[in-house]
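**Q** Following this line is model.tsv, made up of TSV, N, CA and C atoms:
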```tsv
chain	number	residue	atom	x	y	z
A	2	MET	N	101.75	95.75	74.84
A	2	MET	CA	101.73	94.96	76.04
A	2	MET	C	101.15	93.59	75.74
A	3	ASN	N	101.66	92.59	76.39
A	3	ASN	CA	101.16	91.24	76.24
A	3	ASN	C	99.96	91.06	77.15
A	4	HIS	N	98.76	91.17	76.59
A	4	HIS	CA	97.56	91.06	77.42
A	4	HIS	C	97.29	89.62	77.83
A	5	ASP	N	98.11	88.68	77.35
A	5	ASP	CA	97.99	87.30	77.78
A	5	ASP	C	98.82	87.02	79.02
A	6	ALA	N	99.50	88.05	79.53
A	6	ALA	CA	100.32	87.88	80.73
A	6	ALA	C	99.42	87.42	81.87
A	7	PRO	N	99.91	86.49	82.69
A	7	PRO	CA	99.09	85.99	83.78
A	7	PRO	C	98.67	87.10	84.72
A	8	SER	N	97.41	87.11	85.11
A	8	SER	CA	96.93	88.05	86.11
A	8	SER	C	95.77	87.40	86.84
A	9	ARG	N	95.58	87.82	88.07
A	9	ARG	CA	94.49	87.28	88.88
A	9	ARG	C	93.70	88.43	89.44
A	10	PRO	N	92.40	88.24	89.63
A	10	PRO	CA	91.63	89.31	90.24
A	10	PRO	C	92.02	89.48	91.70
A	11	LEU	N	92.08	90.71	92.14
A	11	LEU	CA	92.36	91.00	93.54
A	11	LEU	C	91.09	91.50	94.21
A	12	SER	N	90.99	91.25	95.49
A	12	SER	CA	89.86	91.77	96.22
A	12	SER	C	90.01	93.27	96.34
A	13	ASP	N	88.95	93.95	96.72
A	13	ASP	CA	88.97	95.40	96.82
A	13	ASP	C	89.59	95.89	98.11
A	14	ALA	N	89.83	95.04	99.05
A	14	ALA	CA	90.40	95.47	100.31
A	14	ALA	C	91.65	94.66	100.61
A	15	PRO	N	92.62	95.31	101.23
A	15	PRO	CA	93.81	94.55	101.59
A	15	PRO	C	93.49	93.50	102.63
A	16	GLY	N	94.23	92.40	102.59
A	16	GLY	CA	94.07	91.37	103.59
A	16	GLY	C	94.73	91.79	104.89
A	17	LEU	N	94.47	91.01	105.91
A	17	LEU	CA	95.01	91.31	107.23
A	17	LEU	C	96.54	91.40	107.19
A	18	LYS	N	97.17	90.49	106.45
A	18	LYS	CA	98.64	90.50	106.36
A	18	LYS	C	99.15	91.83	105.82
A	19	ASP	N	98.55	92.31	104.70
A	19	ASP	CA	99.00	93.58	104.13
A	19	ASP	C	98.72	94.74	105.06
A	20	LEU	N	97.58	94.73	105.73
A	20	LEU	CA	97.29	95.82	106.68
A	20	LEU	C	98.30	95.85	107.82
A	21	LEU	N	98.63	94.69	108.36
A	21	LEU	CA	99.61	94.63	109.44
A	21	LEU	C	100.99	95.07	108.96
A	22	LEU	N	101.35	94.65	107.75
A	22	LEU	CA	102.64	95.07	107.21
A	22	LEU	C	102.67	96.57	106.94
A	23	TRP	N	101.55	97.15	106.52
A	23	TRP	CA	101.46	98.59	106.32
A	23	TRP	C	101.60	99.32	107.65
A	24	LEU	N	100.89	98.85	108.67
A	24	LEU	CA	100.98	99.47	109.99
A	24	LEU	C	102.40	99.35	110.57
A	25	ALA	N	103.09	98.28	110.21
A	25	ALA	CA	104.46	98.08	110.69
A	25	ALA	C	105.49	98.82	109.82
A	26	GLY	N	105.02	99.52	108.80
A	26	GLY	CA	105.93	100.27	107.94
A	26	GLY	C	106.59	99.45	106.85
A	27	ARG	N	106.06	98.25	106.58
A	27	ARG	CA	106.65	97.38	105.55
A	27	ARG	C	105.89	97.40	104.24
A	28	ARG	N	104.85	98.21	104.16
A	28	ARG	CA	104.14	98.50	102.92
A	28	ARG	C	103.99	100.01	102.86
A	29	VAL	N	104.00	100.56	101.66
A	29	VAL	CA	103.75	101.99	101.49
A	29	VAL	C	102.41	102.17	100.78
A	30	ARG	N	101.79	103.28	101.06
A	30	ARG	CA	100.49	103.60	100.46
A	30	ARG	C	100.71	104.71	99.45
A	31	ARG	N	100.20	104.51	98.23
A	31	ARG	CA	100.34	105.49	97.16
A	31	ARG	C	98.98	105.70	96.49
A	32	ARG	N	98.76	106.92	96.02
A	32	ARG	CA	97.52	107.27	95.32
A	32	ARG	C	97.76	107.26	93.81
A	33	VAL	N	96.82	106.70	93.07
A	33	VAL	CA	96.89	106.66	91.62
A	33	VAL	C	96.48	108.03	91.09
A	34	ASN	N	97.32	108.57	90.21
A	34	ASN	CA	97.05	109.88	89.62
A	34	ASN	C	96.91	109.70	88.12
A	35	GLY	N	95.70	109.83	87.62
A	35	GLY	CA	95.45	109.67	86.19
A	35	GLY	C	94.75	108.36	85.87
A	36	ASN	N	94.47	108.17	84.59
A	36	ASN	CA	93.69	107.02	84.14
A	36	ASN	C	94.49	106.00	83.34
A	37	SER	N	95.81	106.04	83.44
A	37	SER	CA	96.62	105.17	82.60
A	37	SER	C	96.51	103.69	82.96
A	38	MET	N	96.05	103.38	84.17
A	38	MET	CA	95.96	101.98	84.58
A	38	MET	C	94.53	101.47	84.67
A	39	THR	N	93.56	102.23	84.13
A	39	THR	CA	92.20	101.72	84.13
A	39	THR	C	92.11	100.58	83.13
A	40	PRO	N	91.30	99.59	83.40
A	40	PRO	CA	90.31	99.50	84.47
A	40	PRO	C	90.85	98.94	85.79
A	41	ALA	N	92.08	98.43	85.82
A	41	ALA	CA	92.59	97.81	87.06
A	41	ALA	C	92.66	98.83	88.19
A	42	LEU	N	93.18	100.01	87.90
A	42	LEU	CA	93.31	101.06	88.90
A	42	LEU	C	92.77	102.36	88.31
A	43	GLU	N	91.94	103.03	89.04
A	43	GLU	CA	91.35	104.28	88.57
A	43	GLU	C	91.96	105.47	89.30
A	44	HIS	N	91.82	106.64	88.68
A	44	HIS	CA	92.29	107.88	89.29
A	44	HIS	C	91.72	108.00	90.71
A	45	GLY	N	92.58	108.25	91.67
A	45	GLY	CA	92.15	108.40	93.05
A	45	GLY	C	92.24	107.13	93.88
A	46	ASP	N	92.34	105.97	93.24
A	46	ASP	CA	92.53	104.73	94.01
A	46	ASP	C	93.82	104.83	94.81
A	47	GLU	N	93.88	104.10	95.90
A	47	GLU	CA	95.12	103.99	96.65
A	47	GLU	C	95.56	102.54	96.64
A	48	VAL	N	96.86	102.35	96.61
A	48	VAL	CA	97.42	101.00	96.58
A	48	VAL	C	98.43	100.85	97.71
A	49	LEU	N	98.64	99.60	98.10
A	49	LEU	CA	99.73	99.27	99.01
A	49	LEU	C	100.81	98.60	98.18
A	50	ALA	N	102.06	98.96	98.45
A	50	ALA	CA	103.17	98.40	97.68
A	50	ALA	C	104.26	97.89	98.62
A	51	ASP	N	104.88	96.81	98.20
A	51	ASP	CA	105.98	96.20	98.92
A	51	ASP	C	107.29	96.65	98.27
A	52	LEU	N	108.01	97.54	98.96
A	52	LEU	CA	109.26	98.06	98.42
A	52	LEU	C	110.42	97.08	98.56
A	53	ASN	N	110.18	95.97	99.26
A	53	ASN	CA	111.20	94.94	99.41
A	53	ASN	C	110.92	93.70	98.57
A	54	ALA	N	109.87	93.73	97.77
A	54	ALA	CA	109.45	92.54	97.01
A	54	ALA	C	110.56	91.98	96.13
A	55	TYR	N	111.35	92.86	95.55
A	55	TYR	CA	112.34	92.39	94.58
A	55	TYR	C	113.70	92.13	95.21
A	56	ARG	N	113.74	92.10	96.51
A	56	ARG	CA	114.92	91.55	97.20
A	56	ARG	C	114.82	90.03	97.22
A	57	ARG	N	113.57	89.53	97.15
A	57	ARG	CA	113.32	88.09	97.20
A	57	ARG	C	113.26	87.45	95.82
A	58	ARG	N	112.91	88.22	94.82
A	58	ARG	CA	112.82	87.70	93.46
A	58	ARG	C	112.90	88.86	92.48
A	59	GLU	N	113.15	88.55	91.22
A	59	GLU	CA	113.21	89.57	90.18
A	59	GLU	C	111.79	89.95	89.75
A	60	PRO	N	111.62	91.19	89.27
A	60	PRO	CA	110.30	91.57	88.72
A	60	PRO	C	109.93	90.65	87.56
A	61	ARG	N	108.63	90.39	87.43
A	61	ARG	CA	108.13	89.49	86.38
A	61	ARG	C	107.09	90.18	85.50
A	62	GLU	N	106.96	89.66	84.30
A	62	GLU	CA	105.92	90.13	83.41
A	62	GLU	C	104.57	89.99	84.10
A	63	GLY	N	103.77	91.03	84.03
A	63	GLY	CA	102.45	91.03	84.67
A	63	GLY	C	102.43	91.74	86.01
A	64	ASP	N	103.59	91.92	86.67
A	64	ASP	CA	103.62	92.63	87.94
A	64	ASP	C	103.24	94.10	87.73
A	65	VAL	N	102.45	94.63	88.66
A	65	VAL	CA	102.18	96.07	88.70
A	65	VAL	C	103.19	96.64	89.67
A	66	VAL	N	103.92	97.66	89.22
A	66	VAL	CA	105.05	98.16	89.99
A	66	VAL	C	104.98	99.68	90.17
A	67	ILE	N	105.73	100.13	91.17
A	67	ILE	CA	106.01	101.55	91.34
A	67	ILE	C	107.44	101.74	90.85
A	68	ALA	N	107.62	102.70	89.94
A	68	ALA	CA	108.93	102.94	89.34
A	68	ALA	C	109.21	104.43	89.26
A	69	LEU	N	110.49	104.75	89.23
A	69	LEU	CA	110.91	106.13	89.02
A	69	LEU	C	110.84	106.46	87.53
A	70	HIS	N	110.28	107.62	87.21
A	70	HIS	CA	110.25	108.07	85.82
A	70	HIS	C	111.69	108.26	85.36
A	71	PRO	N	112.04	107.79	84.16
A	71	PRO	CA	113.44	107.87	83.73
A	71	PRO	C	113.94	109.28	83.43
A	72	TYR	N	113.04	110.24	83.17
A	72	TYR	CA	113.48	111.58	82.78
A	72	TYR	C	112.95	112.70	83.66
A	73	GLN	N	111.99	112.41	84.53
A	73	GLN	CA	111.41	113.46	85.39
A	73	GLN	C	111.77	113.16	86.84
A	74	THR	N	112.69	113.92	87.38
A	74	THR	CA	113.16	113.72	88.74
A	74	THR	C	112.02	113.84	89.73
A	75	GLY	N	111.94	112.88	90.65
A	75	GLY	CA	110.94	112.91	91.70
A	75	GLY	C	109.57	112.41	91.30
A	76	VAL	N	109.39	112.01	90.06
A	76	VAL	CA	108.10	111.50	89.58
A	76	VAL	C	108.10	109.99	89.64
A	77	THR	N	107.09	109.42	90.31
A	77	THR	CA	106.95	107.97	90.33
A	77	THR	C	105.77	107.57	89.46
A	78	LEU	N	105.85	106.37	88.95
A	78	LEU	CA	104.84	105.82	88.05
A	78	LEU	C	104.29	104.52	88.63
A	79	ILE	N	103.04	104.23	88.34
A	79	ILE	CA	102.47	102.91	88.61
A	79	ILE	C	102.15	102.32	87.26
A	80	LYS	N	102.87	101.25	86.91
A	80	LYS	CA	102.74	100.62	85.59
A	80	LYS	C	102.85	99.11	85.72
A	81	ARG	N	102.50	98.42	84.65
A	81	ARG	CA	102.61	96.97	84.59
A	81	ARG	C	103.84	96.59	83.77
A	82	ILE	N	104.59	95.61	84.24
A	82	ILE	CA	105.72	95.11	83.45
A	82	ILE	C	105.15	94.26	82.33
A	83	SER	N	105.44	94.68	81.10
A	83	SER	CA	104.90	93.94	79.96
A	83	SER	C	105.91	92.96	79.39
A	84	ARG	N	107.21	93.26	79.56
A	84	ARG	CA	108.22	92.31	79.09
A	84	ARG	C	109.61	92.74	79.57
A	85	LEU	N	110.50	91.77	79.52
A	85	LEU	CA	111.92	91.99	79.79
A	85	LEU	C	112.61	92.06	78.44
A	86	THR	N	113.40	93.09	78.24
A	86	THR	CA	114.07	93.26	76.95
A	86	THR	C	115.34	92.40	76.90
A	87	PRO	N	115.85	92.15	75.71
A	87	PRO	CA	117.07	91.33	75.59
A	87	PRO	C	118.27	91.89	76.36
A	88	ASP	N	118.30	93.21	76.59
A	88	ASP	CA	119.42	93.81	77.32
A	88	ASP	C	119.18	93.84	78.83
A	89	GLY	N	118.10	93.17	79.30
A	89	GLY	CA	117.85	93.06	80.74
A	89	GLY	C	117.07	94.20	81.35
A	90	ARG	N	116.53	95.10	80.52
A	90	ARG	CA	115.72	96.20	81.05
A	90	ARG	C	114.24	95.82	80.97
A	91	TYR	N	113.40	96.61	81.63
A	91	TYR	CA	111.99	96.29	81.74
A	91	TYR	C	111.14	97.27	80.94
A	92	HIS	N	110.20	96.71	80.19
A	92	HIS	CA	109.24	97.51	79.44
A	92	HIS	C	108.03	97.70	80.34
A	93	LEU	N	107.72	98.96	80.68
A	93	LEU	CA	106.59	99.29	81.53
A	93	LEU	C	105.44	99.76	80.66
A	94	ALA	N	104.24	99.23	80.92
A	94	ALA	CA	103.09	99.56	80.08
A	94	ALA	C	101.92	100.05	80.91
A	95	SER	N	101.17	100.96	80.32
A	95	SER	CA	99.90	101.39	80.88
A	95	SER	C	98.85	100.38	80.45
A	96	ASP	N	97.89	100.09	81.33
A	96	ASP	CA	96.78	99.23	80.92
A	96	ASP	C	95.88	99.97	79.94
A	97	ASN	N	95.90	101.29	80.01
A	97	ASN	CA	95.10	102.15	79.14
A	97	ASN	C	96.08	103.10	78.43
A	98	PRO	N	96.76	102.63	77.36
A	98	PRO	CA	97.84	103.41	76.76
A	98	PRO	C	97.42	104.77	76.21
A	99	ALA	N	96.15	104.95	75.87
A	99	ALA	CA	95.71	106.24	75.35
A	99	ALA	C	95.76	107.32	76.43
A	100	GLU	N	95.81	106.91	77.69
A	100	GLU	CA	95.76	107.87	78.81
A	100	GLU	C	97.08	107.99	79.56
A	101	GLY	N	98.13	107.31	79.12
A	101	GLY	CA	99.33	107.34	79.94
A	101	GLY	C	100.61	107.39	79.16
A	102	THR	N	101.66	107.72	79.87
A	102	THR	CA	103.01	107.70	79.33
A	102	THR	C	103.71	106.46	79.90
A	103	ASP	N	104.31	105.70	79.02
A	103	ASP	CA	104.98	104.47	79.47
A	103	ASP	C	106.19	104.21	78.59
A	104	SER	N	106.69	102.99	78.60
A	104	SER	CA	107.90	102.67	77.84
A	104	SER	C	107.74	102.88	76.34
A	105	ALA	N	106.53	102.93	75.84
A	105	ALA	CA	106.33	103.24	74.43
A	105	ALA	C	106.85	104.65	74.13
A	106	ALA	N	106.81	105.54	75.13
A	106	ALA	CA	107.28	106.91	74.96
A	106	ALA	C	108.72	107.09	75.44
A	107	PHE	N	109.07	106.51	76.59
A	107	PHE	CA	110.39	106.78	77.17
A	107	PHE	C	111.35	105.60	77.12
A	108	GLY	N	110.91	104.47	76.59
A	108	GLY	CA	111.79	103.31	76.45
A	108	GLY	C	111.82	102.45	77.70
A	109	PRO	N	112.50	101.31	77.62
A	109	PRO	CA	112.58	100.41	78.77
A	109	PRO	C	113.40	101.04	79.89
A	110	VAL	N	113.17	100.56	81.12
A	110	VAL	CA	113.86	101.12	82.29
A	110	VAL	C	114.77	100.07	82.92
A	111	ASP	N	115.81	100.55	83.57
A	111	ASP	CA	116.72	99.68	84.31
A	111	ASP	C	116.04	99.15	85.56
A	112	ARG	N	116.50	98.02	86.03
A	112	ARG	CA	115.97	97.39	87.24
A	112	ARG	C	116.01	98.33	88.44
A	113	LYS	N	117.05	99.16	88.54
A	113	LYS	CA	117.20	100.06	89.69
A	113	LYS	C	116.10	101.11	89.76
A	114	ARG	N	115.36	101.34	88.67
A	114	ARG	CA	114.28	102.32	88.67
A	114	ARG	C	112.96	101.73	89.19
A	115	ILE	N	112.90	100.41	89.33
A	115	ILE	CA	111.70	99.76	89.85
A	115	ILE	C	111.82	99.70	91.37
A	116	LEU	N	110.93	100.42	92.03
A	116	LEU	CA	111.01	100.57	93.49
A	116	LEU	C	110.34	99.43	94.25
A	117	GLY	N	109.24	98.91	93.72
A	117	GLY	CA	108.51	97.87	94.43
A	117	GLY	C	107.31	97.37	93.66
A	118	ARG	N	106.66	96.35	94.24
A	118	ARG	CA	105.51	95.70	93.62
A	118	ARG	C	104.23	96.10	94.35
A	119	VAL	N	103.22	96.50	93.57
A	119	VAL	CA	101.92	96.81	94.15
A	119	VAL	C	101.29	95.50	94.60
A	120	SER	N	100.89	95.45	95.88
A	120	SER	CA	100.33	94.21	96.41
A	120	SER	C	98.81	94.21	96.40
A	121	CYS	N	98.17	95.37	96.52
A	121	CYS	CA	96.70	95.42	96.47
A	121	CYS	C	96.21	96.85	96.40
A	122	ARG	N	94.95	96.97	96.06
A	122	ARG	CA	94.27	98.27	96.10
A	122	ARG	C	93.74	98.46	97.50
A	123	PHE	N	93.83	99.68	98.00
A	123	PHE	CA	93.45	100.01	99.37
A	123	PHE	C	92.24	100.92	99.29
A	124	GLY	N	91.08	100.41	99.68
A	124	GLY	CA	89.87	101.23	99.64
A	124	GLY	C	89.38	101.44	98.23
A	125	GLY	N	88.68	102.53	98.01
A	125	GLY	CA	88.10	102.82	96.70
A	125	GLY	C	86.75	102.14	96.56
A	126	LYS	N	86.11	102.38	95.43
A	126	LYS	CA	84.80	101.77	95.24
A	126	LYS	C	84.94	100.29	94.92
A	127	PRO	N	84.05	99.46	95.44
A	127	PRO	CA	84.16	98.01	95.24
A	127	PRO	C	84.07	97.63	93.76
A	128	ARG	N	85.02	96.81	93.32
A	128	ARG	CA	85.00	96.24	91.98
A	128	ARG	C	86.07	95.16	91.91
A	129	LEU	N	85.90	94.25	91.01
A	129	LEU	CA	86.86	93.18	90.81
A	129	LEU	C	87.72	93.56	89.62
A	130	THR	N	89.04	93.51	89.79
A	130	THR	CA	89.94	93.94	88.72
A	130	THR	C	91.04	92.91	88.50
A	131	GLN	N	91.65	92.98	87.35
A	131	GLN	CA	92.82	92.16	87.05
A	131	GLN	C	94.04	93.01	87.36
A	132	LEU	N	94.67	92.76	88.50
A	132	LEU	CA	95.80	93.60	88.88
A	132	LEU	C	97.13	92.90	88.65
A	133	GLU	N	97.27	91.69	89.12
A	133	GLU	CA	98.55	91.00	88.96
A	133	GLU	C	98.39	89.52	89.16
A	134	GLU	N	99.45	88.79	88.90
A	134	GLU	CA	99.41	87.33	88.97
A	134	GLU	C	99.50	86.79	90.38
A	135	ASN	N	99.93	87.59	91.33
A	135	ASN	CA	100.14	87.11	92.67
A	135	ASN	C	98.82	86.97	93.42
A	136	LYS	N	98.86	86.25	94.54
A	136	LYS	CA	97.63	85.97	95.27
A	136	LYS	C	96.94	87.26	95.72
A	137	PRO	N	95.62	87.23	95.82
A	137	PRO	CA	94.88	88.41	96.28
A	137	PRO	C	95.28	88.77	97.71
A	138	CYS	N	95.24	90.07	98.00
A	138	CYS	CA	95.56	90.48	99.35
A	138	CYS	C	94.28	90.66	100.14
```
Just dump the structure as structure tokens.
**A**
Amino acid sequence: MNHDAPSRPLSDAPGLKDLLLWLAGRRVRRRVNGNSMTPALEHGDEVLADLNAYRRREPREGDVVIALHPYQTGVTLIKRISRLTPDGRYHLASDNPAEGTDSAAFGPVDRKRILGRVSCRFGGKPRLTQLEENKPC
């Protein structure tokens, strides 16, 4: 993974905009299972994700995304996009590769497997993390 990818610290709580969008059904809430994204996201953290984010723009390096596992039906992953491959697929990386399965194991994924962009962490213990390049929620 390119650890030089742009990222910005996010606050520990969603902003009013994300909360309103969640209440309106325009954000989904997901729980992190496992330690593959530590320190940005820890086991048990909850995140809000925008499933329409990539209707407005293409996924970018550094985005934290929710994606479908390429080989396990019904399994979703929370990973960071580390790069776009020459064939137009996305390399998904764990922030903590020793604890997770990512494109190093299953290869790059097609754009259609990326469901949405994580916009912020929802609740959890207070801490400042490097989650993504987009503005804090």
**Q** Do you have the atom N of Leu52 (chain A)-CA of Thr39 (chain A) distance handy?
**A**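 Separation between atom N of Leu52 (chain A) and CA of Thr39 (chain A): 22.1 Å.
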**Q** Tell me, which residues of region 61-115 of chain A carry DSSP alpha helix (DSSP H), written as a PDB file with N, CA and C atoms, keeping the file's coordinate frame?
**A**
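Output saved as out.pdb:
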```
ATOM      1  N   SER A 104     106.690 102.990  78.600  1.00  0.00           N
ATOM      2  CA  SER A 104     107.900 102.670  77.840  1.00  0.00           C
ATOM      3  C   SER A 104     107.740 102.880  76.340  1.00  0.00           C
ATOM      4  N   ALA A 105     106.530 102.930  75.840  1.00  0.00           N
ATOM      5  CA  ALA A 105     106.330 103.240  74.430  1.00  0.00           C
ATOM      6  C   ALA A 105     106.850 104.650  74.130  1.00  0.00           C
ATOM      7  N   ALA A 106     106.810 105.540  75.130  1.00  0.00           N
ATOM      8  CA  ALA A 106     107.280 106.910  74.960  1.00  0.00           C
ATOM      9  C   ALA A 106     108.720 107.090  75.440  1.00  0.00           C
ATOM     10  N   PHE A 107     109.070 106.510  76.590  1.00  0.00           N
ATOM     11  CA  PHE A 107     110.390 106.780  77.170  1.00  0.00           C
ATOM     12  C   PHE A 107     111.350 105.600  77.120  1.00  0.00           C
TER      13      PHE A 107
END
```
**Q** Atom N of Glu62 (chain A) and atom N of Leu17 (chain A) are how many Å apart?
**A**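 Computing it gives 25.0 Å between the two atoms.
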**Q** Just the number, please: distance in Å from CA of Asp64 (chain A) to CA of Gly101 (chain A), one decimal.
**A**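 That distance, rounded to one decimal, is 17.3 Å.
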**Q** Go through A:Lys113, A:Ile79, A:Asn36, A:Arg61 and flag the residue nearest Val48 (chain A), using only C-alpha atoms for the distances.
**A**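 Of the candidates, the smallest distance to Val48 (chain A) is held by A:Ile79.
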**Q** Find the spatial neighbours of Asp88 (chain A), counting only C-alpha atoms, within a cut-off of 12 Å - ignore same-chain residues fewer than 6 positions away - and output them as a PDB file with N, CA and C atoms, keeping the file's coordinate frame.
**A**
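What landed in result-v2.pdb:
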```pdb
ATOM      1  N   PRO A 109     112.500 101.310  77.620  1.00  0.00           N
ATOM      2  CA  PRO A 109     112.580 100.410  78.770  1.00  0.00           C
ATOM      3  C   PRO A 109     113.400 101.040  79.890  1.00  0.00           C
ATOM      4  N   VAL A 110     113.170 100.560  81.120  1.00  0.00           N
ATOM      5  CA  VAL A 110     113.860 101.120  82.290  1.00  0.00           C
ATOM      6  C   VAL A 110     114.770 100.070  82.920  1.00  0.00           C
ATOM      7  N   ASP A 111     115.810 100.550  83.570  1.00  0.00           N
ATOM      8  CA  ASP A 111     116.720  99.680  84.310  1.00  0.00           C
ATOM      9  C   ASP A 111     116.040  99.150  85.560  1.00  0.00           C
ATOM     10  N   ARG A 112     116.500  98.020  86.030  1.00  0.00           N
ATOM     11  CA  ARG A 112     115.970  97.390  87.240  1.00  0.00           C
ATOM     12  C   ARG A 112     116.010  98.330  88.440  1.00  0.00           C
TER      13      ARG A 112
END
```
**Q** Out of A:Leu22, A:Arg27, A:Asp51, A:Pro71, which residue has the shortest atom-to-atom distance to Arg114 (chain A) when counting all atoms listed in the file?
**A**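 Of A:Leu22, A:Arg27, A:Asp51, A:Pro71, the one nearest Arg114 (chain A), counting all atoms listed in the file, is A:Pro71.
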**Q** So which residues touch Arg28 (chain A) within 9 Å, counting only C-alpha atoms, skipping near sequence neighbours fewer than 3 positions away, as a VMD selection string?
**A** chain A and resid 19 to 25 49 to 53 120
**Q** Excluding Tyr72 (chain A) and any residue of its chain fewer than 5 positions from it, enumerate the residues within 12 Å of it, using only C-alpha atoms, and give them as a PyMOL selection string.
**A** chain A and resi 77-78+102-104+106-110+114
**Q** Out of A:Ile67, A:Arg30, A:Ala54, A:Pro40, which residue has the shortest atom-to-atom distance to Ile115 (chain A) when counting all atoms listed in the file?
**A** A:Ile67
**Q** Could you tell me which of A:Glu59, A:Val119, A:Ala68, A:Ala99 comes closest to Ala41 (chain A) if we count only C-alpha atoms?
**A** A:Val119
